[in-house]
file my_file-v1.csv (CSV, C-alpha atoms)
chain,number,residue,atom,x,y,z
F,1,MET,CA,-4.4,-9.1,-13.2
F,2,SER,CA,-1.8,-9.6,-10.4
F,3,LYS,CA,1.0,-7.2,-9.7
F,4,ASP,CA,3.9,-7.1,-7.2
F,5,TYR,CA,5.6,-4.2,-5.6
F,6,ASN,CA,8.7,-4.2,-3.3
F,7,VAL,CA,9.4,-1.7,-0.6
F,8,PHE,CA,13.0,-1.5,0.5
F,9,LEU,CA,13.0,-0.3,4.1
F,10,LYS,CA,15.9,1.3,6.0
F,11,TYR,CA,13.9,1.6,9.3
F,12,PRO,CA,11.3,-1.2,9.3
F,13,GLU,CA,11.0,-0.9,13.1
F,14,ASN,CA,9.2,2.4,12.6
F,15,ILE,CA,6.1,0.9,11.1
F,16,LYS,CA,3.1,1.8,13.4
F,17,ALA,CA,-0.6,1.6,12.6
F,18,SER,CA,-1.3,4.9,14.4
F,19,ASP,CA,1.4,6.7,12.2
F,20,PHE,CA,0.0,5.2,9.1
F,21,GLU,CA,-3.6,6.2,9.9
F,22,SER,CA,-2.5,9.7,10.7
F,23,PHE,CA,-0.5,9.9,7.6
F,24,ALA,CA,-3.3,8.7,5.4
F,25,TYR,CA,-5.8,11.0,7.0
F,26,LYS,CA,-3.5,14.0,6.4
F,27,GLN,CA,-3.5,12.9,2.7
F,28,GLY,CA,-7.3,12.8,2.6
F,29,TYR,CA,-7.8,9.1,3.0
F,30,PHE,CA,-9.9,7.3,5.6
F,31,ILE,CA,-8.0,4.1,5.8
F,32,ARG,CA,-7.0,1.9,8.7
F,33,VAL,CA,-4.6,-1.0,8.8
F,34,PHE,CA,-5.0,-4.2,10.8
F,35,PRO,CA,-3.6,-3.6,14.2
F,36,SER,CA,-0.3,-5.4,14.9
F,37,GLU,CA,2.6,-5.0,17.3
F,38,ASN,CA,5.2,-6.1,14.7
F,39,TYR,CA,4.4,-5.7,11.0
F,40,THR,CA,7.8,-7.0,10.0
F,41,ALA,CA,6.8,-10.4,11.5
F,42,HIS,CA,3.5,-10.4,9.5
F,43,SER,CA,3.3,-12.8,6.6
F,44,GLY,CA,0.3,-13.3,4.4
F,45,PHE,CA,-2.8,-11.2,3.9
F,46,LEU,CA,-2.6,-7.7,5.5
F,47,PRO,CA,-6.2,-6.2,5.7
F,48,PHE,CA,-7.2,-2.6,5.5
F,49,ASN,CA,-10.5,-0.9,6.3
F,50,LEU,CA,-11.4,1.9,3.8
F,51,TYR,CA,-14.1,4.6,3.6
F,52,LEU,CA,-14.3,5.8,0.0
F,53,ASN,CA,-14.9,9.6,0.5
F,54,PHE,CA,-13.7,10.4,-3.1
F,55,ILE,CA,-16.5,8.4,-4.9
F,56,ASP,CA,-19.5,10.6,-5.4
F,57,ARG,CA,-22.2,8.0,-5.5
F,58,ILE,CA,-24.0,5.6,-3.2
F,59,LEU,CA,-22.1,2.5,-2.5
F,60,PRO,CA,-23.4,-0.8,-1.1
F,61,TYR,CA,-21.6,-0.4,2.3
F,62,ASP,CA,-20.3,2.3,4.6
F,63,SER,CA,-16.8,1.0,4.6
F,64,PHE,CA,-14.8,-1.8,2.9
F,65,VAL,CA,-12.2,-4.3,3.6
F,66,SER,CA,-9.3,-4.8,1.2
F,67,GLY,CA,-5.7,-5.8,1.5
F,68,PHE,CA,-2.9,-7.7,-0.2
F,69,GLU,CA,-0.3,-10.3,0.6
F,70,THR,CA,2.9,-9.1,2.3
F,71,TYR,CA,6.1,-10.9,3.0
F,72,PHE,CA,9.1,-9.4,4.7
F,73,SER,CA,12.7,-10.6,4.2
F,74,ASP,CA,16.1,-9.3,5.2
F,75,TYR,CA,17.8,-7.3,2.6
F,76,ARG,CA,20.9,-9.0,1.2
F,77,SER,CA,23.1,-6.5,-0.5
F,78,GLN,CA,25.1,-9.2,-2.2
F,79,ASP,CA,22.0,-10.0,-4.3
F,80,TYR,CA,22.1,-6.6,-6.0
F,81,ASP,CA,24.8,-4.5,-7.7
F,82,GLY,CA,26.4,-1.5,-6.0
F,83,GLU,CA,24.4,1.1,-8.0
F,84,PHE,CA,21.1,-0.5,-6.9
F,85,ASN,CA,22.3,-0.8,-3.3
F,86,SER,CA,23.0,3.0,-3.2
F,87,LEU,CA,19.6,3.8,-4.9
F,88,VAL,CA,17.6,1.9,-2.3
F,89,ASN,CA,19.7,3.6,0.5
F,90,ASN,CA,21.2,0.4,2.1
F,91,PRO,CA,17.9,-1.0,3.6
F,92,LYS,CA,17.6,-3.5,6.4
F,93,SER,CA,14.6,-5.3,4.9
F,94,VAL,CA,12.4,-5.8,1.9
F,95,MET,CA,8.6,-6.0,1.9
F,96,LEU,CA,7.0,-7.8,-1.0
F,97,MET,CA,3.4,-6.7,-1.7
F,98,CYS,CA,1.4,-9.1,-3.9
F,99,ILE,CA,-1.8,-7.5,-5.4
F,100,SER,CA,-4.5,-9.6,-7.0
F,101,ASP,CA,-7.7,-8.7,-8.6
F,102,MET,CA,-9.9,-10.1,-5.8
F,103,ASP,CA,-11.2,-6.6,-5.1
F,104,SER,CA,-10.9,-3.1,-6.6
F,105,LEU,CA,-9.2,-1.5,-3.7
F,106,GLU,CA,-6.0,-3.6,-3.3
F,107,GLU,CA,-3.7,-1.4,-5.4
F,108,LEU,CA,-4.9,1.8,-3.8
F,109,SER,CA,-4.3,0.3,-0.3
F,110,ALA,CA,-0.9,-0.9,-1.4
F,111,LEU,CA,0.2,2.5,-2.8
F,112,ILE,CA,-1.0,4.5,0.2
F,113,TRP,CA,0.8,1.9,2.5
F,114,ALA,CA,3.9,2.2,0.3
F,115,GLU,CA,4.0,6.0,0.4
F,116,TYR,CA,3.7,5.9,4.2
F,117,LEU,CA,6.6,3.4,4.3
F,118,CYS,CA,8.7,5.6,2.1
F,119,GLU,CA,8.1,8.7,4.2
F,120,TYR,CA,8.2,7.2,7.7
F,121,CYS,CA,10.5,4.2,7.4
F,122,GLY,CA,13.1,5.3,4.9
F,123,GLY,CA,11.5,3.3,2.2
F,124,VAL,CA,12.0,3.1,-1.6
F,125,LEU,CA,9.2,1.6,-3.7
F,126,TYR,CA,10.1,-0.6,-6.6
F,127,ASP,CA,7.8,-1.6,-9.4
F,128,PRO,CA,9.2,-4.7,-11.1
F,129,GLN,CA,6.6,-4.4,-13.8
F,130,THR,CA,8.2,-1.2,-15.1
F,131,ASP,CA,11.6,-1.6,-13.4
F,132,THR,CA,11.1,1.7,-11.7
F,133,LEU,CA,12.2,3.0,-8.3
F,134,TYR,CA,10.1,5.6,-6.5
F,135,SER,CA,11.1,7.5,-3.4
F,136,ASP,CA,9.7,11.0,-4.2
F,137,PRO,CA,6.3,11.4,-2.4
F,138,SER,CA,4.9,13.5,-5.2
F,139,VAL,CA,5.6,10.8,-7.8
F,140,ILE,CA,3.9,8.2,-5.5
F,141,ASP,CA,1.0,10.6,-5.1
F,142,ALA,CA,0.6,10.7,-8.8
F,143,LEU,CA,0.4,6.9,-8.9
F,144,ILE,CA,-2.3,7.0,-6.1
F,145,TYR,CA,-4.2,9.7,-8.0
F,146,ARG,CA,-4.3,7.6,-11.1
F,147,GLN,CA,-5.6,4.7,-9.1
F,148,LYS,CA,-8.3,6.9,-7.6
F,149,GLU,CA,-9.3,8.0,-11.1
F,150,GLU,CA,-9.5,4.4,-12.1
F,151,LEU,CA,-11.8,3.6,-9.1
F,152,ILE,CA,-14.0,6.5,-9.9
F,153,ARG,CA,-14.2,5.3,-13.6
F,154,LEU,CA,-15.1,1.8,-12.4
F,155,SER,CA,-17.7,3.2,-10.0
F,156,ALA,CA,-19.4,5.1,-12.8
F,157,GLN,CA,-19.6,1.8,-14.7
F,158,ASN,CA,-20.9,0.0,-11.7
F,159,ALA,CA,-17.9,-2.3,-11.9
F,160,LEU,CA,-16.2,-2.0,-8.6
F,161,LYS,CA,-15.5,-5.3,-6.7
F,162,LEU,CA,-16.1,-4.4,-3.1
F,163,HIS,CA,-16.3,-6.3,0.2
F,164,GLU,CA,-18.0,-5.0,3.3
F,165,PHE,CA,-15.9,-4.3,6.4
F,166,THR,CA,-17.4,-6.3,9.3
F,167,GLY,CA,-14.5,-6.0,11.7
F,168,TRP,CA,-11.0,-7.3,12.0
F,169,ARG,CA,-10.6,-11.1,11.8
call {"tool": "encode", "arguments": {"input": "my_file-v1.csv", "output": "structure tokens"}}
result
Amino acid sequence: MSKDYNVFLKYPENIKASDFESFAYKQGYFIRVFPSENYTAHSGFLPFNLYLNFIDRILPYDSFVSGFETYFSDYRSQDYDGEFNSLVNNPKSVMLMCISDMDSLEELSALIWAEYLCEYCGGVLYDPQTDTLYSDPSVIDALIYRQKEELIRLSAQNALKLHEFTGWR
């Protein structure tokens, strides 16, 4: 099953790997993003390295690689109505995140990344599947929690699709 999310960013220039990793750690996640000097220039697969400290069973590797496709574009207010423009806080750019089912950790990575972008970059997360905007961190936390619960359930069924992290490529 594939899924898309959009993050409307008021301050895309604030995206920094060190800030993301610190943010994620404070939230209880051991996750790193592929190092880049300019994430807004990135197009295509954005890899993450995860250690699954919330799964209470032996897994095949110490840490995992996951990620999703990302595409940045300039925000064009004329493409949206006035109400939508005000709800997304007049952003500069939009990041499209395309999640596939290639591995089980893609959506978790995307949601943690999106929550960071909302908090550090003036972002608003949009889920086109449900036509819902999210900017409240506690609501995004609830989405992340549901995804963690799903991963724990899949782990108990020995149904996780995982890929070993062997370094950045």
call {"tool": "residues_near_point", "arguments": {"input": "my_file-v1.csv", "point": "(-4.4, 8.2, 8.5)", "cutoff": "12 Å", "atoms": "all atoms listed in the file", "output": "list in words"}}
result
Lys16, Ala17, Ser18, Asp19, Phe20, Glu21, Ser22, Phe23, Ala24, Tyr25, Lys26, Gln27, Gly28, Tyr29, Phe30, Ile31, Arg32, Val33, Phe48, Asn49, Leu50, Tyr51, Ser109, Ile112, Trp113, Glu115 and Tyr116 of chain F
call {"tool": "residues_around", "arguments": {"input": "my_file-v1.csv", "residues": "range 65-71 of chain F", "least_positions_apart": "6", "cutoff": "10 Å", "atoms": "only C-alpha atoms", "output": "PDB file with C-alpha atoms, in the coordinates of the input"}}
result
ATOM      1  CA  ASP F   4       3.900  -7.100  -7.200  1.00  0.00           C
ATOM      2  CA  TYR F   5       5.600  -4.200  -5.600  1.00  0.00           C
ATOM      3  CA  ASN F   6       8.700  -4.200  -3.300  1.00  0.00           C
ATOM      4  CA  ILE F  31      -8.000   4.100   5.800  1.00  0.00           C
ATOM      5  CA  ARG F  32      -7.000   1.900   8.700  1.00  0.00           C
ATOM      6  CA  VAL F  33      -4.600  -1.000   8.800  1.00  0.00           C
ATOM      7  CA  PHE F  34      -5.000  -4.200  10.800  1.00  0.00           C
ATOM      8  CA  TYR F  39       4.400  -5.700  11.000  1.00  0.00           C
ATOM      9  CA  THR F  40       7.800  -7.000  10.000  1.00  0.00           C
ATOM     10  CA  ALA F  41       6.800 -10.400  11.500  1.00  0.00           C
ATOM     11  CA  HIS F  42       3.500 -10.400   9.500  1.00  0.00           C
ATOM     12  CA  SER F  43       3.300 -12.800   6.600  1.00  0.00           C
ATOM     13  CA  GLY F  44       0.300 -13.300   4.400  1.00  0.00           C
ATOM     14  CA  PHE F  45      -2.800 -11.200   3.900  1.00  0.00           C
ATOM     15  CA  LEU F  46      -2.600  -7.700   5.500  1.00  0.00           C
ATOM     16  CA  PRO F  47      -6.200  -6.200   5.700  1.00  0.00           C
ATOM     17  CA  PHE F  48      -7.200  -2.600   5.500  1.00  0.00           C
ATOM     18  CA  ASN F  49     -10.500  -0.900   6.300  1.00  0.00           C
ATOM     19  CA  LEU F  50     -11.400   1.900   3.800  1.00  0.00           C
ATOM     20  CA  TYR F  51     -14.100   4.600   3.600  1.00  0.00           C
ATOM     21  CA  VAL F  94      12.400  -5.800   1.900  1.00  0.00           C
ATOM     22  CA  MET F  95       8.600  -6.000   1.900  1.00  0.00           C
ATOM     23  CA  LEU F  96       7.000  -7.800  -1.000  1.00  0.00           C
ATOM     24  CA  MET F  97       3.400  -6.700  -1.700  1.00  0.00           C
ATOM     25  CA  CYS F  98       1.400  -9.100  -3.900  1.00  0.00           C
ATOM     26  CA  ILE F  99      -1.800  -7.500  -5.400  1.00  0.00           C
ATOM     27  CA  SER F 100      -4.500  -9.600  -7.000  1.00  0.00           C
ATOM     28  CA  ASP F 101      -7.700  -8.700  -8.600  1.00  0.00           C
ATOM     29  CA  MET F 102      -9.900 -10.100  -5.800  1.00  0.00           C
ATOM     30  CA  ASP F 103     -11.200  -6.600  -5.100  1.00  0.00           C
ATOM     31  CA  SER F 104     -10.900  -3.100  -6.600  1.00  0.00           C
ATOM     32  CA  LEU F 105      -9.200  -1.500  -3.700  1.00  0.00           C
ATOM     33  CA  GLU F 106      -6.000  -3.600  -3.300  1.00  0.00           C
ATOM     34  CA  GLU F 107      -3.700  -1.400  -5.400  1.00  0.00           C
ATOM     35  CA  LEU F 108      -4.900   1.800  -3.800  1.00  0.00           C
ATOM     36  CA  SER F 109      -4.300   0.300  -0.300  1.00  0.00           C
ATOM     37  CA  ALA F 110      -0.900  -0.900  -1.400  1.00  0.00           C
ATOM     38  CA  LEU F 162     -16.100  -4.400  -3.100  1.00  0.00           C
ATOM     39  CA  HIS F 163     -16.300  -6.300   0.200  1.00  0.00           C
ATOM     40  CA  GLU F 164     -18.000  -5.000   3.300  1.00  0.00           C
ATOM     41  CA  PHE F 165     -15.900  -4.300   6.400  1.00  0.00           C
ATOM     42  CA  THR F 166     -17.400  -6.300   9.300  1.00  0.00           C
ATOM     43  CA  GLY F 167     -14.500  -6.000  11.700  1.00  0.00           C
ATOM     44  CA  TRP F 168     -11.000  -7.300  12.000  1.00  0.00           C
TER      45      TRP F 168
END
call {"tool": "atom_distance", "arguments": {"input": "my_file-v1.csv", "atom1": "CA of Ile58 in chain F", "atom2": "CA of Leu111 in chain F"}}
result
24.4 Å
call {"tool": "atom_distance", "arguments": {"input": "my_file-v1.csv", "atom1": "CA of Cys118 in chain F", "atom2": "CA of Ser2 in chain F"}}
result
22.3 Å
call {"tool": "atom_distance", "arguments": {"input": "my_file-v1.csv", "atom1": "CA of Ala156 in chain F", "atom2": "CA of Arg57 in chain F"}}
result
8.3 Å
call {"tool": "closest_atom_pairs", "arguments": {"input": "my_file-v1.csv", "of": "range 49-79 of chain F", "to": "range 145-152 of chain F", "cutoff": "12 Å", "atoms": "only C-alpha atoms", "output": "tab-separated table"}}
result
residue	atom	partner	partner_atom	distance
F:Leu52	CA	F:Leu151	CA	9.7
F:Asn53	CA	F:Lys148	CA	10.8
F:Phe54	CA	F:Ile152	CA	7.8
F:Ile55	CA	F:Ile152	CA	5.9
F:Asp56	CA	F:Ile152	CA	8.2
F:Arg57	CA	F:Ile152	CA	9.4
F:Leu59	CA	F:Ile152	CA	11.7
call {"tool": "closest_residue", "arguments": {"input": "my_file-v1.csv", "among": "F:Asp131, F:Glu119, F:Glu37, F:Asp62", "to": "Phe84 in chain F", "atoms": "all atoms listed in the file"}}
result
F:Asp131
call {"tool": "closest_residue", "arguments": {"input": "my_file-v1.csv", "among": "F:Asn89, F:Gln78, F:Ser155, F:Ser138", "to": "Val7 in chain F", "atoms": "only C-alpha atoms"}}
result
F:Asn89
call {"tool": "closest_residue", "arguments": {"input": "my_file-v1.csv", "among": "F:Leu154, F:Met1, F:Val88, F:Ile15", "to": "Arg76 in chain F", "atoms": "only C-alpha atoms"}}
result
F:Val88
